[in-house]
$ cat upload04.tsv   # TSV, C-alpha atoms
chain	number	residue	atom	x	y	z
Y	1	MET	CA	-8.75	-25.33	-0.43
Y	2	SER	CA	-8.12	-23.90	-3.84
Y	3	PHE	CA	-7.71	-20.30	-4.88
Y	4	ASP	CA	-10.59	-18.55	-6.59
Y	5	LEU	CA	-10.36	-14.96	-7.72
Y	6	ASP	CA	-13.04	-12.86	-6.03
Y	7	PRO	CA	-15.79	-12.17	-8.59
Y	8	HIS	CA	-15.72	-8.41	-7.89
Y	9	LEU	CA	-12.01	-8.31	-8.63
Y	10	ALA	CA	-12.53	-10.43	-11.73
Y	11	GLY	CA	-15.26	-8.09	-12.94
Y	12	ASP	CA	-13.12	-4.98	-12.54
Y	13	THR	CA	-10.03	-6.32	-14.27
Y	14	LEU	CA	-8.53	-8.00	-17.33
Y	15	PRO	CA	-6.16	-10.95	-16.79
Y	16	LEU	CA	-2.45	-10.60	-17.58
Y	17	GLY	CA	-0.76	-13.72	-16.20
Y	18	ASP	CA	0.53	-15.53	-13.13
Y	19	LEU	CA	3.83	-14.90	-11.37
Y	20	LEU	CA	5.16	-17.49	-8.93
Y	21	LEU	CA	2.76	-16.39	-6.18
Y	22	SER	CA	0.47	-13.74	-7.59
Y	23	ARG	CA	-2.04	-13.37	-10.37
Y	24	VAL	CA	-1.42	-10.10	-12.21
Y	25	LEU	CA	-4.44	-8.17	-13.48
Y	26	LEU	CA	-5.01	-4.96	-15.39
Y	27	VAL	CA	-7.65	-2.79	-13.72
Y	28	ASN	CA	-10.11	-1.86	-16.44
Y	29	ASP	CA	-9.92	1.90	-15.98
Y	30	SER	CA	-8.19	3.76	-18.78
Y	31	ARG	CA	-7.82	6.92	-16.67
Y	32	PHE	CA	-4.84	5.38	-14.84
Y	33	PRO	CA	-2.22	2.74	-15.72
Y	34	TRP	CA	-3.25	0.44	-12.89
Y	35	LEU	CA	-2.19	-3.14	-12.18
Y	36	MET	CA	-3.20	-5.50	-9.38
Y	37	LEU	CA	-1.52	-8.51	-7.76
Y	38	VAL	CA	-3.57	-11.21	-6.05
Y	39	PRO	CA	-1.61	-13.94	-4.23
Y	40	ARG	CA	-3.08	-17.28	-5.36
Y	41	ARG	CA	-3.77	-18.50	-1.84
Y	42	PRO	CA	-7.21	-19.09	-0.35
Y	43	ASN	CA	-8.53	-17.11	2.62
Y	44	MET	CA	-5.94	-14.33	2.61
Y	45	SER	CA	-6.99	-10.84	3.63
Y	46	GLU	CA	-3.92	-9.13	5.12
Y	47	PHE	CA	-0.16	-9.32	4.45
Y	48	THR	CA	0.08	-10.94	7.88
Y	49	ASP	CA	-2.07	-13.87	6.69
Y	50	LEU	CA	0.76	-14.97	4.38
Y	51	PRO	CA	3.76	-16.83	5.85
Y	52	PRO	CA	6.94	-14.69	5.96
Y	53	GLY	CA	8.58	-16.40	2.98
Y	54	GLU	CA	5.58	-15.71	0.80
Y	55	ARG	CA	5.43	-12.11	2.00
Y	56	SER	CA	8.99	-11.68	0.70
Y	57	ILE	CA	7.98	-13.20	-2.64
Y	58	LEU	CA	4.98	-10.89	-2.79
Y	59	MET	CA	7.21	-7.87	-2.13
Y	60	GLU	CA	9.52	-8.93	-4.98
Y	61	GLU	CA	6.50	-9.39	-7.25
Y	62	ILE	CA	5.24	-5.92	-6.29
Y	63	ALA	CA	8.71	-4.62	-7.22
Y	64	ALA	CA	8.70	-6.49	-10.56
Y	65	VAL	CA	5.25	-5.16	-11.44
Y	66	SER	CA	6.32	-1.67	-10.32
Y	67	THR	CA	9.37	-1.76	-12.58
Y	68	ALA	CA	7.37	-3.05	-15.55
Y	69	LEU	CA	4.77	-0.33	-15.04
Y	70	LYS	CA	7.34	2.43	-14.63
Y	71	GLU	CA	9.33	1.33	-17.69
Y	72	THR	CA	6.16	1.17	-19.77
Y	73	THR	CA	4.61	4.45	-18.67
Y	74	HIS	CA	7.62	6.56	-17.52
Y	75	SER	CA	5.41	7.69	-14.66
Y	76	ALA	CA	6.53	10.24	-12.09
Y	77	LYS	CA	5.31	8.21	-9.12
Y	78	LEU	CA	3.86	4.85	-8.21
Y	79	ASN	CA	1.13	4.28	-5.65
Y	80	VAL	CA	1.04	0.89	-3.95
Y	81	GLY	CA	-1.83	-0.10	-1.72
Y	82	ALA	CA	-3.49	-3.06	-0.05
Y	83	ILE	CA	-6.83	-1.78	1.20
Y	84	GLY	CA	-9.62	-4.35	0.92
Y	85	ASN	CA	-12.37	-2.57	2.82
Y	86	VAL	CA	-14.90	-3.61	0.19
Y	87	VAL	CA	-13.32	-6.80	-1.21
Y	88	PRO	CA	-11.47	-8.59	1.59
Y	89	GLN	CA	-9.49	-11.00	-0.65
Y	90	LEU	CA	-5.86	-9.82	-0.40
Y	91	HIS	CA	-5.04	-7.73	-3.46
Y	92	VAL	CA	-2.34	-5.15	-4.02
Y	93	HIS	CA	-2.81	-2.15	-6.28
Y	94	VAL	CA	0.15	-0.70	-8.21
Y	95	VAL	CA	-0.82	2.52	-9.99
Y	96	ALA	CA	1.30	4.77	-12.19
Y	97	ARG	CA	0.63	8.42	-11.36
Y	98	PHE	CA	1.27	11.64	-13.22
Y	99	GLU	CA	0.97	15.24	-12.13
Y	100	GLY	CA	-2.35	16.41	-13.51
Y	101	ASP	CA	-3.93	12.98	-13.91
Y	102	ALA	CA	-7.63	12.59	-13.13
Y	103	ALA	CA	-7.10	12.24	-9.37
Y	104	TRP	CA	-3.73	13.93	-8.73
Y	105	PRO	CA	-2.51	14.36	-6.01
Y	106	ASP	CA	-5.19	12.27	-4.30
Y	107	PRO	CA	-5.18	8.47	-4.38
Y	108	VAL	CA	-7.17	6.85	-7.19
Y	109	TRP	CA	-9.27	4.63	-4.94
Y	110	GLY	CA	-12.87	5.72	-4.82
Y	111	HIS	CA	-12.18	8.62	-7.19
Y	112	GLY	CA	-14.94	9.10	-9.75
Y	113	ASP	CA	-16.19	6.50	-12.20
Y	114	ARG	CA	-14.03	4.03	-14.04
Y	115	GLU	CA	-13.62	4.44	-17.78
Y	116	PRO	CA	-13.16	1.01	-19.35
Y	117	TYR	CA	-10.50	0.53	-22.02
Y	118	GLN	CA	-11.26	0.25	-25.68
Y	119	ASP	CA	-10.32	-3.33	-26.59
Y	120	GLN	CA	-7.29	-2.49	-28.70
Y	121	ALA	CA	-5.85	-0.09	-26.13
Y	122	ALA	CA	-6.09	-2.72	-23.39
Y	123	GLU	CA	-4.42	-5.37	-25.55
Y	124	ALA	CA	-1.54	-3.05	-26.49
Y	125	PHE	CA	-0.94	-2.06	-22.86
Y	126	LYS	CA	-1.18	-5.67	-21.66
Y	127	ALA	CA	1.39	-6.72	-24.27
Y	128	GLU	CA	3.84	-4.02	-23.18
Y	129	ILE	CA	3.53	-4.98	-19.52
Y	130	SER	CA	3.61	-8.72	-20.15
Y	131	GLN	CA	6.89	-8.66	-22.07
Y	132	ARG	CA	8.53	-7.22	-18.93
Y	133	LEU	CA	7.23	-9.88	-16.53
Y	134	ALA	CA	8.21	-13.55	-16.14
Y	135	PHE	CA	4.86	-15.30	-16.10
Y	136	VAL	CA	4.87	-18.96	-15.09
H	1	MET	CA	24.39	10.71	2.81
H	2	SER	CA	22.48	10.49	6.03
H	3	PHE	CA	18.79	9.97	6.57
H	4	ASP	CA	16.62	12.93	7.51
H	5	LEU	CA	12.90	12.59	8.11
H	6	ASP	CA	10.96	14.81	5.72
H	7	PRO	CA	9.70	17.84	7.68
H	8	HIS	CA	6.13	17.36	6.44
H	9	LEU	CA	6.11	13.80	7.75
H	10	ALA	CA	7.69	14.96	11.00
H	11	GLY	CA	5.02	17.63	11.38
H	12	ASP	CA	2.14	15.20	10.87
H	13	THR	CA	3.36	12.53	13.28
H	14	LEU	CA	4.61	11.65	16.75
H	15	PRO	CA	7.74	9.48	17.04
H	16	LEU	CA	7.48	5.90	18.34
H	17	GLY	CA	10.86	4.28	17.73
H	18	ASP	CA	13.22	2.71	15.21
H	19	LEU	CA	13.06	-0.86	13.93
H	20	LEU	CA	16.09	-2.33	12.17
H	21	LEU	CA	15.31	-0.48	8.93
H	22	SER	CA	12.34	1.80	9.54
H	23	ARG	CA	11.40	4.66	11.80
H	24	VAL	CA	7.90	4.05	13.18
H	25	LEU	CA	5.64	7.06	13.65
H	26	LEU	CA	2.13	7.65	14.95
H	27	VAL	CA	0.09	9.83	12.58
H	28	ASN	CA	-1.38	12.57	14.70
H	29	ASP	CA	-5.00	12.02	13.71
H	30	SER	CA	-7.19	10.59	16.45
H	31	ARG	CA	-9.93	9.64	13.96
H	32	PHE	CA	-7.96	6.55	12.89
H	33	PRO	CA	-5.34	4.32	14.59
H	34	TRP	CA	-2.69	5.10	12.00
H	35	LEU	CA	1.02	4.24	12.00
H	36	MET	CA	3.73	5.01	9.46
H	37	LEU	CA	7.04	3.36	8.59
H	38	VAL	CA	9.87	5.34	7.00
H	39	PRO	CA	12.98	3.36	5.95
H	40	ARG	CA	16.00	5.25	7.33
H	41	ARG	CA	17.71	5.51	3.96
H	42	PRO	CA	18.35	8.72	2.03
H	43	ASN	CA	16.80	9.40	-1.38
H	44	MET	CA	14.20	6.63	-1.35
H	45	SER	CA	10.86	7.23	-3.04
H	46	GLU	CA	9.60	3.84	-4.26
H	47	PHE	CA	9.89	0.25	-2.97
H	48	THR	CA	12.05	-0.36	-6.04
H	49	ASP	CA	14.63	2.17	-4.79
H	50	LEU	CA	15.49	-0.19	-1.92
H	51	PRO	CA	17.74	-3.20	-2.58
H	52	PRO	CA	15.82	-6.53	-2.50
H	53	GLY	CA	17.14	-7.56	0.92
H	54	GLU	CA	15.93	-4.34	2.47
H	55	ARG	CA	12.57	-4.66	0.73
H	56	SER	CA	12.14	-8.01	2.51
H	57	ILE	CA	13.05	-6.40	5.82
H	58	LEU	CA	10.57	-3.60	5.14
H	59	MET	CA	7.83	-6.14	4.41
H	60	GLU	CA	8.55	-7.90	7.72
H	61	GLU	CA	8.47	-4.55	9.51
H	62	ILE	CA	5.13	-3.75	7.85
H	63	ALA	CA	3.91	-7.12	9.14
H	64	ALA	CA	5.21	-6.47	12.66
H	65	VAL	CA	3.55	-3.04	12.77
H	66	SER	CA	0.36	-4.55	11.34
H	67	THR	CA	0.27	-7.21	14.04
H	68	ALA	CA	0.93	-4.69	16.80
H	69	LEU	CA	-1.81	-2.42	15.47
H	70	LYS	CA	-4.32	-5.24	15.08
H	71	GLU	CA	-3.61	-6.65	18.55
H	72	THR	CA	-3.96	-3.21	20.10
H	73	THR	CA	-7.12	-2.11	18.28
H	74	HIS	CA	-8.84	-5.41	17.33
H	75	SER	CA	-9.61	-3.77	14.00
H	76	ALA	CA	-11.65	-5.45	11.31
H	77	LYS	CA	-9.23	-4.53	8.52
H	78	LEU	CA	-5.86	-2.96	7.91
H	79	ASN	CA	-5.06	-0.61	5.05
H	80	VAL	CA	-1.43	-0.51	3.89
H	81	GLY	CA	-0.29	2.08	1.38
H	82	ALA	CA	2.83	3.71	-0.07
H	83	ILE	CA	1.57	6.71	-2.00
H	84	GLY	CA	3.90	9.70	-1.79
H	85	ASN	CA	2.28	11.98	-4.35
H	86	VAL	CA	2.74	14.96	-2.04
H	87	VAL	CA	5.73	13.87	0.06
H	88	PRO	CA	8.07	11.77	-2.10
H	89	GLN	CA	10.20	10.33	0.76
H	90	LEU	CA	9.28	6.63	0.91
H	91	HIS	CA	6.78	6.11	3.72
H	92	VAL	CA	4.31	3.32	4.32
H	93	HIS	CA	0.95	3.88	5.99
H	94	VAL	CA	-0.61	1.15	8.13
H	95	VAL	CA	-4.12	2.11	9.23
H	96	ALA	CA	-6.57	0.15	11.38
H	97	ARG	CA	-10.06	0.39	9.92
H	98	PHE	CA	-13.51	-0.23	11.36
H	99	GLU	CA	-16.89	-0.38	9.71
H	100	GLY	CA	-18.48	2.99	10.36
H	101	ASP	CA	-15.24	4.90	11.00
H	102	ALA	CA	-14.97	8.47	9.69
H	103	ALA	CA	-13.97	7.40	6.15
H	104	TRP	CA	-15.34	3.84	5.83
H	105	PRO	CA	-15.25	2.19	3.30
H	106	ASP	CA	-13.07	4.74	1.51
H	107	PRO	CA	-9.34	5.07	2.17
H	108	VAL	CA	-8.31	7.59	4.83
H	109	TRP	CA	-5.87	9.51	2.64
H	110	GLY	CA	-7.14	12.94	1.77
H	111	HIS	CA	-10.35	12.38	3.76
H	112	GLY	CA	-11.41	15.45	5.75
H	113	ASP	CA	-9.30	17.24	8.34
H	114	ARG	CA	-7.04	15.60	10.84
H	115	GLU	CA	-8.00	15.71	14.50
H	116	PRO	CA	-4.86	15.78	16.62
H	117	TYR	CA	-4.67	13.59	19.74
H	118	GLN	CA	-5.04	14.91	23.23
H	119	ASP	CA	-1.59	14.41	24.78
H	120	GLN	CA	-2.59	11.67	27.20
H	121	ALA	CA	-4.45	9.67	24.56
H	122	ALA	CA	-1.43	9.72	22.25
H	123	GLU	CA	0.92	8.61	25.03
H	124	ALA	CA	-1.35	5.73	26.05
H	125	PHE	CA	-1.69	4.52	22.47
H	126	LYS	CA	2.04	4.86	21.80
H	127	ALA	CA	2.79	2.80	24.91
H	128	GLU	CA	0.43	0.01	23.82
H	129	ILE	CA	1.97	-0.15	20.35
H	130	SER	CA	5.57	0.15	21.55
H	131	GLN	CA	5.38	-2.78	23.93
H	132	ARG	CA	4.55	-4.99	20.91
H	133	LEU	CA	7.49	-3.85	18.76
H	134	ALA	CA	11.23	-4.58	19.08
H	135	PHE	CA	12.76	-1.13	18.78
H	136	VAL	CA	16.54	-0.99	18.36
$ encode --input "upload04.tsv" --output "structure tokens"
Amino acid sequence: MSFDLDPHLAGDTLPLGDLLLSRVLLVNDSRFPWLMLVPRRPNMSEFTDLPPGERSILMEEIAAVSTALKETTHSAKLNVGAIGNVVPQLHVHVVARFEGDAAWPDPVWGHGDREPYQDQAAEAFKAEISQRLAFV
Amino acid sequence: MSFDLDPHLAGDTLPLGDLLLSRVLLVNDSRFPWLMLVPRRPNMSEFTDLPPGERSILMEEIAAVSTALKETTHSAKLNVGAIGNVVPQLHVHVVARFEGDAAWPDPVWGHGDREPYQDQAAEAFKAEISQRLAFV
């Protein structure tokens, strides 16, 4: 079976590029600097669905995305989460958080309505993130 | 420097045992089957603060705790999150979720008030989880 990005995830995000295992996406919500990793494997819902070697790769890709996001935003804190109650396809959120941001100190998931990027702002942010990641 | 469990985390949880890297705790909220891993390293706040080898171990410990929780509860979905906006010491939540539970489909973090376990219920649940984990 081949990998297809869940259409809900596709609709909520803008594509950045592919790491060895994961597709990296920008969540289209300008309230928070918010990236997402989706391992390009079919029928994955939990970390435990991946074989151990790929879990280690995923963890290193989470770390690479975390570092790129922190270097770009100088955020105080990162939030990392794999939830999937609504969209079961395995996807990992990495969100840069700041004291006083729109949801602080609560998590961003399910908080208010998304505010899509203006085109230029998304492109500039994507470029800054992308130059810090080794896309295949 | 030695590792000390953050007092807020200690106050919200009941101890289960130590894996190679992480202390495993039961969050004292009977609304959700909810475990927590805390790597026993001082001054850790993000996954990226751990060296890569220990990140891989942490991922495997998250997987082991996930499997133990899923086998014990037969949950539909797991939620895994490292947030730390309030308590910066690196800690990873692993929560078993069910359609129709007290927060479904939202995340559990920041949702309503915790309902502590009755002593016997906590001990029974801890015993079921512990027999599925290799504590050091």
$ interface_residues --input "upload04.tsv" --of "chain Y" --to "chain H" --cutoff "6 Å" --atoms "only C-alpha atoms" --output "list in words"
Thr48, Ser56, Ala63, Asn79, Val80, Gly81, Ala82, Ile83, Asn85 and Pro105 of chain Y
$ write_last_selection --input "upload04.tsv" --atoms "C-alpha atoms" --output "short mmCIF file (atom, residue, chain, number, x, y, z; two decimals), keeping the file's coordinate frame"
data_model
loop_
_atom_site.label_atom_id
_atom_site.label_comp_id
_atom_site.auth_asym_id
_atom_site.auth_seq_id
_atom_site.Cartn_x
_atom_site.Cartn_y
_atom_site.Cartn_z
CA THR Y 48 0.08 -10.94 7.88
CA SER Y 56 8.99 -11.68 0.70
CA ALA Y 63 8.71 -4.62 -7.22
CA ASN Y 79 1.13 4.28 -5.65
CA VAL Y 80 1.04 0.89 -3.95
CA GLY Y 81 -1.83 -0.10 -1.72
CA ALA Y 82 -3.49 -3.06 -0.05
CA ILE Y 83 -6.83 -1.78 1.20
CA ASN Y 85 -12.37 -2.57 2.82
CA PRO Y 105 -2.51 14.36 -6.01
#
$ axis_aligned_box --input "upload04.tsv" --around "stretch 101-112 of chain H" --padding-each-side "8 Å" --output "JSON"
{"center_x": -10.6, "center_y": 8.8, "center_z": 6.3, "size_x": 25.5, "size_y": 29.3, "size_z": 25.5}
$ calpha_fit_and_write --input "upload04.tsv" --fixed "chain Y" --moving "chain H" --output "PDB file with C-alpha atoms, in the frame of the given file"
ATOM      1  CA  MET H   1      -8.707 -25.323  -0.422  1.00  0.00           C
ATOM      2  CA  SER H   2      -8.084 -23.906  -3.838  1.00  0.00           C
ATOM      3  CA  PHE H   3      -7.695 -20.308  -4.880  1.00  0.00           C
ATOM      4  CA  ASP H   4     -10.586 -18.552  -6.588  1.00  0.00           C
ATOM      5  CA  LEU H   5     -10.367 -14.949  -7.721  1.00  0.00           C
ATOM      6  CA  ASP H   6     -13.048 -12.860  -6.033  1.00  0.00           C
ATOM      7  CA  PRO H   7     -15.792 -12.160  -8.600  1.00  0.00           C
ATOM      8  CA  HIS H   8     -15.722  -8.417  -7.893  1.00  0.00           C
ATOM      9  CA  LEU H   9     -12.005  -8.303  -8.643  1.00  0.00           C
ATOM     10  CA  ALA H  10     -12.537 -10.442 -11.733  1.00  0.00           C
ATOM     11  CA  GLY H  11     -15.260  -8.086 -12.931  1.00  0.00           C
ATOM     12  CA  ASP H  12     -13.111  -4.974 -12.534  1.00  0.00           C
ATOM     13  CA  THR H  13     -10.024  -6.319 -14.290  1.00  0.00           C
ATOM     14  CA  LEU H  14      -8.530  -8.000 -17.343  1.00  0.00           C
ATOM     15  CA  PRO H  15      -6.166 -10.950 -16.799  1.00  0.00           C
ATOM     16  CA  LEU H  16      -2.445 -10.597 -17.574  1.00  0.00           C
ATOM     17  CA  GLY H  17      -0.753 -13.704 -16.194  1.00  0.00           C
ATOM     18  CA  ASP H  18       0.525 -15.524 -13.121  1.00  0.00           C
ATOM     19  CA  LEU H  19       3.829 -14.883 -11.365  1.00  0.00           C
ATOM     20  CA  LEU H  20       5.168 -17.485  -8.941  1.00  0.00           C
ATOM     21  CA  LEU H  21       2.782 -16.382  -6.182  1.00  0.00           C
ATOM     22  CA  SER H  22       0.463 -13.732  -7.595  1.00  0.00           C
ATOM     23  CA  ARG H  23      -2.047 -13.378 -10.378  1.00  0.00           C
ATOM     24  CA  VAL H  24      -1.425 -10.087 -12.196  1.00  0.00           C
ATOM     25  CA  LEU H  25      -4.444  -8.176 -13.468  1.00  0.00           C
ATOM     26  CA  LEU H  26      -5.018  -4.960 -15.389  1.00  0.00           C
ATOM     27  CA  VAL H  27      -7.663  -2.772 -13.730  1.00  0.00           C
ATOM     28  CA  ASN H  28     -10.107  -1.865 -16.444  1.00  0.00           C
ATOM     29  CA  ASP H  29      -9.930   1.895 -15.978  1.00  0.00           C
ATOM     30  CA  SER H  30      -8.207   3.758 -18.790  1.00  0.00           C
ATOM     31  CA  ARG H  31      -7.827   6.909 -16.660  1.00  0.00           C
ATOM     32  CA  PHE H  32      -4.841   5.380 -14.838  1.00  0.00           C
ATOM     33  CA  PRO H  33      -2.221   2.726 -15.742  1.00  0.00           C
ATOM     34  CA  TRP H  34      -3.253   0.439 -12.905  1.00  0.00           C
ATOM     35  CA  LEU H  35      -2.194  -3.146 -12.180  1.00  0.00           C
ATOM     36  CA  MET H  36      -3.205  -5.498  -9.381  1.00  0.00           C
ATOM     37  CA  LEU H  37      -1.529  -8.495  -7.754  1.00  0.00           C
ATOM     38  CA  VAL H  38      -3.574 -11.206  -6.043  1.00  0.00           C
ATOM     39  CA  PRO H  39      -1.613 -13.952  -4.223  1.00  0.00           C
ATOM     40  CA  ARG H  40      -3.082 -17.288  -5.365  1.00  0.00           C
ATOM     41  CA  ARG H  41      -3.780 -18.489  -1.841  1.00  0.00           C
ATOM     42  CA  PRO H  42      -7.216 -19.092  -0.335  1.00  0.00           C
ATOM     43  CA  ASN H  43      -8.521 -17.109   2.641  1.00  0.00           C
ATOM     44  CA  MET H  44      -5.936 -14.326   2.607  1.00  0.00           C
ATOM     45  CA  SER H  45      -6.988 -10.830   3.629  1.00  0.00           C
ATOM     46  CA  GLU H  46      -3.915  -9.130   5.123  1.00  0.00           C
ATOM     47  CA  PHE H  47      -0.154  -9.316   4.447  1.00  0.00           C
ATOM     48  CA  THR H  48       0.078 -10.934   7.881  1.00  0.00           C
ATOM     49  CA  ASP H  49      -2.067 -13.870   6.699  1.00  0.00           C
ATOM     50  CA  LEU H  50       0.767 -14.956   4.389  1.00  0.00           C
ATOM     51  CA  PRO H  51       3.756 -16.828   5.845  1.00  0.00           C
ATOM     52  CA  PRO H  52       6.941 -14.677   5.955  1.00  0.00           C
ATOM     53  CA  GLY H  53       8.579 -16.407   2.985  1.00  0.00           C
ATOM     54  CA  GLU H  54       5.585 -15.709   0.797  1.00  0.00           C
ATOM     55  CA  ARG H  55       5.430 -12.111   2.002  1.00  0.00           C
ATOM     56  CA  SER H  56       8.992 -11.682   0.696  1.00  0.00           C
ATOM     57  CA  ILE H  57       7.988 -13.206  -2.627  1.00  0.00           C
ATOM     58  CA  LEU H  58       4.978 -10.888  -2.781  1.00  0.00           C
ATOM     59  CA  MET H  59       7.207  -7.872  -2.130  1.00  0.00           C
ATOM     60  CA  GLU H  60       9.513  -8.935  -4.980  1.00  0.00           C
ATOM     61  CA  GLU H  61       6.494  -9.397  -7.240  1.00  0.00           C
ATOM     62  CA  ILE H  62       5.249  -5.922  -6.277  1.00  0.00           C
ATOM     63  CA  ALA H  63       8.707  -4.639  -7.228  1.00  0.00           C
ATOM     64  CA  ALA H  64       8.705  -6.501 -10.551  1.00  0.00           C
ATOM     65  CA  VAL H  65       5.248  -5.161 -11.437  1.00  0.00           C
ATOM     66  CA  SER H  66       6.325  -1.681 -10.330  1.00  0.00           C
ATOM     67  CA  THR H  67       9.373  -1.780 -12.581  1.00  0.00           C
ATOM     68  CA  ALA H  68       7.370  -3.050 -15.544  1.00  0.00           C
ATOM     69  CA  LEU H  69       4.763  -0.335 -15.026  1.00  0.00           C
ATOM     70  CA  LYS H  70       7.336   2.426 -14.628  1.00  0.00           C
ATOM     71  CA  GLU H  71       9.323   1.321 -17.689  1.00  0.00           C
ATOM     72  CA  THR H  72       6.161   1.153 -19.771  1.00  0.00           C
ATOM     73  CA  THR H  73       4.605   4.450 -18.668  1.00  0.00           C
ATOM     74  CA  HIS H  74       7.606   6.556 -17.525  1.00  0.00           C
ATOM     75  CA  SER H  75       5.413   7.681 -14.645  1.00  0.00           C
ATOM     76  CA  ALA H  76       6.521  10.231 -12.097  1.00  0.00           C
ATOM     77  CA  LYS H  77       5.305   8.190  -9.124  1.00  0.00           C
ATOM     78  CA  LEU H  78       3.853   4.833  -8.221  1.00  0.00           C
ATOM     79  CA  ASN H  79       1.124   4.282  -5.653  1.00  0.00           C
ATOM     80  CA  VAL H  80       1.047   0.871  -3.952  1.00  0.00           C
ATOM     81  CA  GLY H  81      -1.842  -0.087  -1.707  1.00  0.00           C
ATOM     82  CA  ALA H  82      -3.502  -3.077  -0.034  1.00  0.00           C
ATOM     83  CA  ILE H  83      -6.840  -1.790   1.198  1.00  0.00           C
ATOM     84  CA  GLY H  84      -9.620  -4.361   0.922  1.00  0.00           C
ATOM     85  CA  ASN H  85     -12.369  -2.567   2.818  1.00  0.00           C
ATOM     86  CA  VAL H  86     -14.909  -3.609   0.193  1.00  0.00           C
ATOM     87  CA  VAL H  87     -13.328  -6.782  -1.212  1.00  0.00           C
ATOM     88  CA  PRO H  88     -11.471  -8.592   1.586  1.00  0.00           C
ATOM     89  CA  GLN H  89      -9.472 -11.002  -0.647  1.00  0.00           C
ATOM     90  CA  LEU H  90      -5.854  -9.817  -0.389  1.00  0.00           C
ATOM     91  CA  HIS H  91      -5.035  -7.733  -3.455  1.00  0.00           C
ATOM     92  CA  VAL H  92      -2.330  -5.161  -4.021  1.00  0.00           C
ATOM     93  CA  HIS H  93      -2.806  -2.147  -6.274  1.00  0.00           C
ATOM     94  CA  VAL H  94       0.138  -0.708  -8.205  1.00  0.00           C
ATOM     95  CA  VAL H  95      -0.832   2.507  -9.986  1.00  0.00           C
ATOM     96  CA  ALA H  96       1.304   4.759 -12.185  1.00  0.00           C
ATOM     97  CA  ARG H  97       0.634   8.397 -11.358  1.00  0.00           C
ATOM     98  CA  PHE H  98       1.278  11.631 -13.225  1.00  0.00           C
ATOM     99  CA  GLU H  99       0.969  15.221 -12.136  1.00  0.00           C
ATOM    100  CA  GLY H 100      -2.339  16.415 -13.529  1.00  0.00           C
ATOM    101  CA  ASP H 101      -3.933  12.971 -13.918  1.00  0.00           C
ATOM    102  CA  ALA H 102      -7.646  12.611 -13.130  1.00  0.00           C
ATOM    103  CA  ALA H 103      -7.102  12.244  -9.355  1.00  0.00           C
ATOM    104  CA  TRP H 104      -3.723  13.932  -8.732  1.00  0.00           C
ATOM    105  CA  PRO H 105      -2.497  14.357  -6.003  1.00  0.00           C
ATOM    106  CA  ASP H 106      -5.172  12.269  -4.286  1.00  0.00           C
ATOM    107  CA  PRO H 107      -5.179   8.468  -4.380  1.00  0.00           C
ATOM    108  CA  VAL H 108      -7.177   6.849  -7.186  1.00  0.00           C
ATOM    109  CA  TRP H 109      -9.281   4.617  -4.943  1.00  0.00           C
ATOM    110  CA  GLY H 110     -12.873   5.719  -4.811  1.00  0.00           C
ATOM    111  CA  HIS H 111     -12.185   8.629  -7.185  1.00  0.00           C
ATOM    112  CA  GLY H 112     -14.952   9.125  -9.756  1.00  0.00           C
ATOM    113  CA  ASP H 113     -16.180   6.512 -12.210  1.00  0.00           C
ATOM    114  CA  ARG H 114     -14.035   4.044 -14.041  1.00  0.00           C
ATOM    115  CA  GLU H 115     -13.611   4.432 -17.783  1.00  0.00           C
ATOM    116  CA  PRO H 116     -13.161   1.014 -19.356  1.00  0.00           C
ATOM    117  CA  TYR H 117     -10.492   0.538 -22.043  1.00  0.00           C
ATOM    118  CA  GLN H 118     -11.255   0.271 -25.704  1.00  0.00           C
ATOM    119  CA  ASP H 119     -10.317  -3.320 -26.587  1.00  0.00           C
ATOM    120  CA  GLN H 120      -7.286  -2.474 -28.700  1.00  0.00           C
ATOM    121  CA  ALA H 121      -5.844  -0.082 -26.124  1.00  0.00           C
ATOM    122  CA  ALA H 122      -6.091  -2.716 -23.393  1.00  0.00           C
ATOM    123  CA  GLU H 123      -4.418  -5.358 -25.561  1.00  0.00           C
ATOM    124  CA  ALA H 124      -1.546  -3.039 -26.491  1.00  0.00           C
ATOM    125  CA  PHE H 125      -0.947  -2.069 -22.872  1.00  0.00           C
ATOM    126  CA  LYS H 126      -1.176  -5.671 -21.670  1.00  0.00           C
ATOM    127  CA  ALA H 127       1.395  -6.709 -24.276  1.00  0.00           C
ATOM    128  CA  GLU H 128       3.835  -3.993 -23.175  1.00  0.00           C
ATOM    129  CA  ILE H 129       3.525  -4.977 -19.518  1.00  0.00           C
ATOM    130  CA  SER H 130       3.627  -8.728 -20.155  1.00  0.00           C
ATOM    131  CA  GLN H 131       6.885  -8.659 -22.070  1.00  0.00           C
ATOM    132  CA  ARG H 132       8.531  -7.208 -18.927  1.00  0.00           C
ATOM    133  CA  LEU H 133       7.231  -9.876 -16.526  1.00  0.00           C
ATOM    134  CA  ALA H 134       8.215 -13.549 -16.128  1.00  0.00           C
ATOM    135  CA  PHE H 135       4.855 -15.293 -16.105  1.00  0.00           C
ATOM    136  CA  VAL H 136       4.866 -18.966 -15.108  1.00  0.00           C
TER     137      VAL H 136
END
$ atom_distance --input "upload04.tsv" --atom1 "atom CA of Y:Ala134" --atom2 "atom CA of Y:Lys70"
16.1 Å
$ closest_residue --input "upload04.tsv" --among "Y:Glu54, Y:Asp101, Y:Glu128, Y:Asp113" --to "Y:Thr72" --atoms "all atoms listed in the file"
Y:Glu128
$ residues_around --input "upload04.tsv" --residues "Y:Ser22" --least-positions-apart "4" --cutoff "7 Å" --atoms "all atoms listed in the file" --output "VMD selection string"
chain Y and resid 18 37 to 40
$ closest_residue --input "upload04.tsv" --among "Y:Phe32, Y:Tyr117, Y:Val24, Y:His91" --to "Y:Leu133" --atoms "all atoms listed in the file"
Y:Val24
$ atom_distance --input "upload04.tsv" --atom1 "atom CA of Y:Thr73" --atom2 "atom CA of Y:Pro33"
7.6 Å
$ decode --input "upload04.tsv" --residues "stretch 108-112 of chain H" --atoms "C-alpha atoms" --output "short mmCIF file (atom, residue, chain, number, x, y, z; two decimals), in the first residue's frame"
data_model
loop_
_atom_site.label_atom_id
_atom_site.label_comp_id
_atom_site.auth_asym_id
_atom_site.auth_seq_id
_atom_site.Cartn_x
_atom_site.Cartn_y
_atom_site.Cartn_z
CA VAL H 108 -7.32 16.01 28.32
CA TRP H 109 -4.86 18.74 29.26
CA GLY H 110 -6.55 21.62 31.02
CA HIS H 111 -9.95 19.92 30.76
CA GLY H 112 -12.04 20.31 33.93
#
